[in-house]
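Here is run38.txt, consisting of compact mmCIF, C-alpha atoms:
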# COMPACT_ATOMS: atom_id res chain seq x y z
CA MET N 1 195.16 146.97 32.45
CA ARG N 2 194.31 143.40 33.42
CA PHE N 3 192.34 144.78 36.41
CA LEU N 4 190.30 147.03 34.11
CA ALA N 5 189.51 144.10 31.76
CA CYS N 6 188.27 141.94 34.68
CA ARG N 7 186.21 144.79 36.03
CA THR N 8 184.61 145.37 32.62
CA ARG N 9 183.71 141.66 32.26
CA SER N 10 182.32 141.62 35.81
CA SER N 11 180.19 144.70 35.13
CA ALA N 12 178.91 143.18 31.89
CA PHE N 13 178.00 139.97 33.76
CA VAL N 14 176.10 141.87 36.50
CA THR N 15 174.28 143.92 33.87
CA ALA N 16 173.28 140.75 31.99
CA VAL N 17 171.97 139.13 35.22
CA VAL N 18 169.93 142.23 36.15
CA LEU N 19 168.49 142.52 32.63
CA THR N 20 167.58 138.82 32.61
CA ALA N 21 165.77 139.20 35.97
CA VAL N 22 163.86 142.27 34.77
CA VAL N 23 162.82 140.62 31.49
CA ALA N 24 161.79 137.43 33.33
CA GLY N 25 159.66 139.49 35.70
CA LEU N 26 157.96 141.34 32.86
CA CYS N 27 157.24 138.12 30.98
CA ALA N 28 155.81 136.20 33.95
CA PRO N 29 152.75 134.12 33.05
CA PRO N 30 149.31 135.37 34.21
CA ALA N 31 149.17 132.76 37.02
CA GLU N 32 152.27 134.35 38.54
CA ALA N 33 150.74 137.79 38.18
CA GLY N 34 147.77 136.71 40.39
CA ARG N 35 150.11 136.10 43.28
CA SER N 36 151.31 139.67 43.17
CA LEU N 37 147.89 141.26 43.72
CA PRO N 38 147.96 144.10 46.19
CA LEU N 39 147.00 143.09 49.73
CA HIS N 40 143.69 145.02 49.67
CA GLU N 41 142.60 143.12 46.53
CA LYS N 42 143.49 139.76 48.13
CA LYS N 43 141.48 140.70 51.24
CA HIS N 44 138.55 141.82 49.10
CA ASP N 45 138.57 138.47 47.25
CA ALA N 46 138.78 136.52 50.54
CA LYS N 47 135.87 138.51 51.99
CA ARG N 48 133.76 137.76 48.90
CA GLN N 49 134.59 134.04 49.25
CA VAL N 50 133.50 134.03 52.90
CA GLU N 51 130.31 135.98 52.11
CA ALA N 52 129.49 133.37 49.45
CA LEU N 53 130.10 130.62 52.02
CA GLU N 54 127.69 132.35 54.40
CA GLU N 55 125.01 132.05 51.71
CA GLN N 56 125.94 128.39 51.09
CA TRP N 57 125.59 127.76 54.84
CA ARG N 58 122.17 129.50 54.91
CA VAL N 59 120.87 127.48 51.94
CA ALA N 60 122.25 124.19 53.32
CA GLN N 61 120.71 124.88 56.73
CA LEU N 62 117.28 125.64 55.25
CA ALA N 63 117.39 122.58 52.96
CA GLY N 64 118.72 120.24 55.66
CA ASP N 65 121.57 119.46 53.26
CA ILE N 66 123.81 117.22 55.38
CA PRO N 67 126.55 116.67 52.72
CA ALA N 68 126.86 120.44 52.17
CA MET N 69 127.04 121.09 55.92
CA ASP N 70 129.58 118.29 56.32
CA LYS N 71 131.77 120.03 53.76
CA LEU N 72 131.33 123.49 55.34
CA LEU N 73 132.13 122.47 58.93
CA SER N 74 135.70 121.72 60.00
CA ASP N 75 136.38 118.41 61.72
CA ASP N 76 137.14 120.28 64.96
CA TYR N 77 134.00 122.47 64.72
CA ILE N 78 132.46 123.69 67.99
CA GLY N 79 129.10 125.47 68.02
CA ILE N 80 127.67 127.19 71.09
CA SER N 81 123.93 127.85 71.15
CA MET N 82 122.24 130.81 72.80
CA THR N 83 121.67 128.67 75.91
CA GLY N 84 125.29 127.64 76.13
CA GLN N 85 124.92 124.13 74.72
CA VAL N 86 128.04 122.95 72.92
CA HIS N 87 127.80 120.87 69.73
CA THR N 88 130.59 119.20 67.81
CA LYS N 89 130.42 118.68 64.05
CA ALA N 90 129.11 115.13 64.50
CA GLN N 91 126.44 116.28 66.96
CA GLN N 92 125.32 119.16 64.74
CA LEU N 93 125.04 116.92 61.69
CA GLU N 94 123.11 114.31 63.69
CA ARG N 95 120.70 116.99 64.95
CA MET N 96 120.03 117.93 61.34
CA ARG N 97 119.83 114.31 60.16
CA SER N 98 117.30 113.36 62.88
CA ARG N 99 115.36 116.60 62.25
CA ALA N 100 115.74 117.54 65.93
CA PHE N 101 116.85 120.89 64.58
CA VAL N 102 115.09 122.43 61.57
CA LEU N 103 115.05 126.04 60.41
CA ASN N 104 112.35 127.25 58.00
CA LYS N 105 113.52 130.86 57.84
CA ILE N 106 116.93 132.50 58.08
CA ASP N 107 117.11 136.14 57.05
CA LEU N 108 120.65 137.44 57.44
CA GLY N 109 121.59 141.08 57.74
CA GLU N 110 124.34 143.39 58.94
CA ILE N 111 127.00 140.89 57.83
CA GLN N 112 130.55 141.96 58.55
CA VAL N 113 133.67 139.96 57.69
CA LYS N 114 136.95 140.63 59.45
CA LEU N 115 140.10 138.91 58.17
CA VAL N 116 142.99 138.06 60.48
CA GLY N 117 145.57 136.02 58.57
CA ALA N 118 143.99 132.67 57.68
CA ILE N 119 140.95 133.37 59.89
CA ALA N 120 137.71 135.10 58.89
CA ILE N 121 135.40 136.29 61.67
CA VAL N 122 131.82 136.86 60.55
CA THR N 123 129.29 138.74 62.64
CA SER N 124 125.68 139.15 61.63
CA ARG N 125 122.09 139.48 62.64
CA ALA N 126 119.72 136.62 61.80
CA ASP N 127 115.92 136.50 61.98
CA VAL N 128 115.06 132.82 62.30
CA GLU N 129 112.08 130.51 62.62
CA GLY N 130 112.12 126.78 63.15
CA VAL N 131 112.10 123.98 65.70
CA SER N 132 114.82 122.81 68.04
CA ASP N 133 114.22 119.61 70.02
CA GLY N 134 110.46 119.99 69.54
CA ILE N 135 110.41 123.58 70.78
CA PRO N 136 109.45 126.38 68.38
CA VAL N 137 112.25 128.86 67.80
CA LYS N 138 111.47 132.34 66.50
CA GLY N 139 113.46 135.47 67.02
CA THR N 140 116.39 137.65 66.20
CA TYR N 141 119.90 136.50 66.98
CA ARG N 142 123.40 137.92 66.74
CA TYR N 143 126.05 135.44 65.84
CA THR N 144 129.75 135.05 65.35
CA ARG N 145 130.98 132.40 62.94
CA VAL N 146 134.71 131.76 62.52
CA TYR N 147 136.15 130.37 59.29
CA GLN N 148 139.67 129.01 58.93
CA ARG N 149 141.48 128.85 55.60
CA LEU N 150 143.09 125.48 55.06
CA PRO N 151 146.46 125.08 53.30
CA SER N 152 144.46 123.98 50.22
CA GLY N 153 142.87 127.46 50.14
CA ASP N 154 139.40 126.16 51.13
CA TRP N 155 137.55 127.76 54.04
CA ARG N 156 135.85 125.75 56.83
CA ILE N 157 133.63 126.87 59.70
CA THR N 158 135.53 126.11 62.89
CA SER N 159 133.49 127.93 65.52
CA PHE N 160 130.04 129.42 66.00
CA GLU N 161 128.15 131.19 68.78
CA ALA N 162 124.64 132.65 68.83
CA THR N 163 123.03 135.11 71.21
CA ARG N 164 119.34 135.95 71.23
CA VAL N 165 118.52 139.63 70.84
CA PRO N 166 115.94 140.45 73.51
CA THR N 167 112.56 141.65 72.29
CA PRO N 168 111.82 145.25 73.22
CA ARG N 169 109.46 145.50 76.16
CA GLY N 170 106.70 148.06 76.40
CA PRO N 171 105.79 150.03 79.51
CA LYS N 172 105.68 148.01 82.72
CA THR N 173 101.90 148.29 82.80
CA GLU N 174 101.61 145.88 79.87
CA SER N 175 101.28 142.30 81.05
CA HIS N 176 101.09 140.42 77.75
CA GLU N 177 103.98 139.27 75.59
CA THR N 178 103.86 138.34 71.92
CA GLU N 179 106.87 136.03 72.13
CA PRO N 180 108.18 133.78 74.89
CA SER N 181 110.40 135.56 77.35
CA SER N 182 114.11 134.78 77.20
CA ALA N 183 113.78 134.07 80.92
CA SER N 184 111.34 131.25 80.19
CA THR N 185 111.80 128.05 82.14
CA THR N 186 111.53 126.00 78.94
CA PRO N 187 115.08 125.17 77.80
CA GLN N 188 115.87 125.97 74.20
CA SER N 189 118.94 124.75 72.45
CA GLY N 190 118.98 127.72 70.11
CA PRO N 191 118.74 128.02 66.37
CA PHE N 192 122.24 127.04 65.44

Rewrite the coordinates I just gave you, this time as structure tokens.
Amino acid sequence: MRFLACRTRSSAFVTAVVLTAVVAGLCAPPAEAGRSLPLHEKKHDAKRQVEALEEQWRVAQLAGDIPAMDKLLSDDYIGISMTGQVHTKAQQLERMRSRAFVLNKIDLGEIQVKLVGAIAIVTSRADVEGVSDGIPVKGTYRYTRVYQRLPSGDWRITSFEATRVPTPRGPKTESHETEPSSASTTPQSGPF
């Protein structure tokens, strides 16, 4: 009989604990509910954040907004131009500050964002016009920009690489070109 009484009290205790846990879960505040979003919704939100950052980058680049670019680029940022030149964050900001690198037009298209954990890889096409180290830059580029999510939840650009899309060539009998050849002997440091 004593065994049955202990077992009944134990069952009542387990039932009370389970009910308390269920009620606590149902009454969780809205902030807690945000953490339990399905994975596809979290990814969708992260992609929208990165797409918005791409627009912030575009606007900051066109405006020569050094403070905005400083905030967007990670401290360990490395950018690789279409000619293979490597720029750190400090070098890129100085190029903008000294106006050695100025873009007047950046039309982005075909933007794709791929999320891998705390990394967002953005690929796109960009039609650009501007000046880099005194040399006019005009053309279509493909680029890859890599964002890293910091523990604070903020995203920073950590890596960038641009590749010029070659202009289509007409029949070999044509001898004129409307844009400089990518095989030109004039070095270009690229648009980014």

Given all atoms listed in the file as the counted atoms, nearest of N:Phe101, N:Tyr147, N:Trp155, N:Tyr77 to Ala63 (chain N) = N:Phe101

Do you know which residues are at most 12 Å from Asp65 (chain N) counting all atoms listed in the file, after dropping those on the same chain fewer than 3 positions away, and could you put them as a short mmCIF file (atom, residue, chain, number, x, y, z; two decimals) with C-alpha atoms, keeping the file's coordinate frame?
data_model
loop_
_atom_site.label_atom_id
_atom_site.label_comp_id
_atom_site.auth_asym_id
_atom_site.auth_seq_id
_atom_site.Cartn_x
_atom_site.Cartn_y
_atom_site.Cartn_z
CA GLN N 56 125.94 128.39 51.09
CA TRP N 57 125.59 127.76 54.84
CA ARG N 58 122.17 129.50 54.91
CA VAL N 59 120.87 127.48 51.94
CA ALA N 60 122.25 124.19 53.32
CA GLN N 61 120.71 124.88 56.73
CA LEU N 62 117.28 125.64 55.25
CA ALA N 68 126.86 120.44 52.17
CA MET N 69 127.04 121.09 55.92
CA ASP N 70 129.58 118.29 56.32
CA LYS N 71 131.77 120.03 53.76
CA LEU N 72 131.33 123.49 55.34
CA LEU N 93 125.04 116.92 61.69
CA GLU N 94 123.11 114.31 63.69
CA ARG N 95 120.70 116.99 64.95
CA MET N 96 120.03 117.93 61.34
CA ARG N 97 119.83 114.31 60.16
CA ARG N 99 115.36 116.60 62.25
CA VAL N 102 115.09 122.43 61.57
CA LEU N 103 115.05 126.04 60.41
#

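Checking N:Ser132, N:Val146, N:Ile80, N:Gly139 one by one against Val116 (chain N), counting all atoms listed in the file, you find the shortest gap at N:Val146.
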
In Å, with one decimal, what is the gap from CA of Leu115 (chain N) to CA of Arg142 (chain N)?
->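 Spanning CA of Leu115 (chain N) to CA of Arg142 (chain N) is a straight-line distance of 18.8 Å.
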
Please provide the set of residues having any atom within 6 Å of Ser74 (chain N), restricted to all atoms listed in the file, with same-chain residues fewer than 2 positions apart removed, written as a ChimeraX atom specification.
-> /N:76-77,156-158

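Take CA of Val128 (chain N) and CA of Met82 (chain N): the distance between them is 12.9 Å.
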
What does the distance from CA of Asp133 (chain N) to CA of Ser98 (chain N) come to in Å, to one decimal?
->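 Separating CA of Asp133 (chain N) from CA of Ser98 (chain N) is a distance of 10.0 Å.
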
Excluding same-chain residues fewer than 5 positions from Val165 (chain N), what lies within 10 Å of it counting only C-alpha atoms, as a ChimeraX atom specification?
-> /N:82,125-127,139-143,182
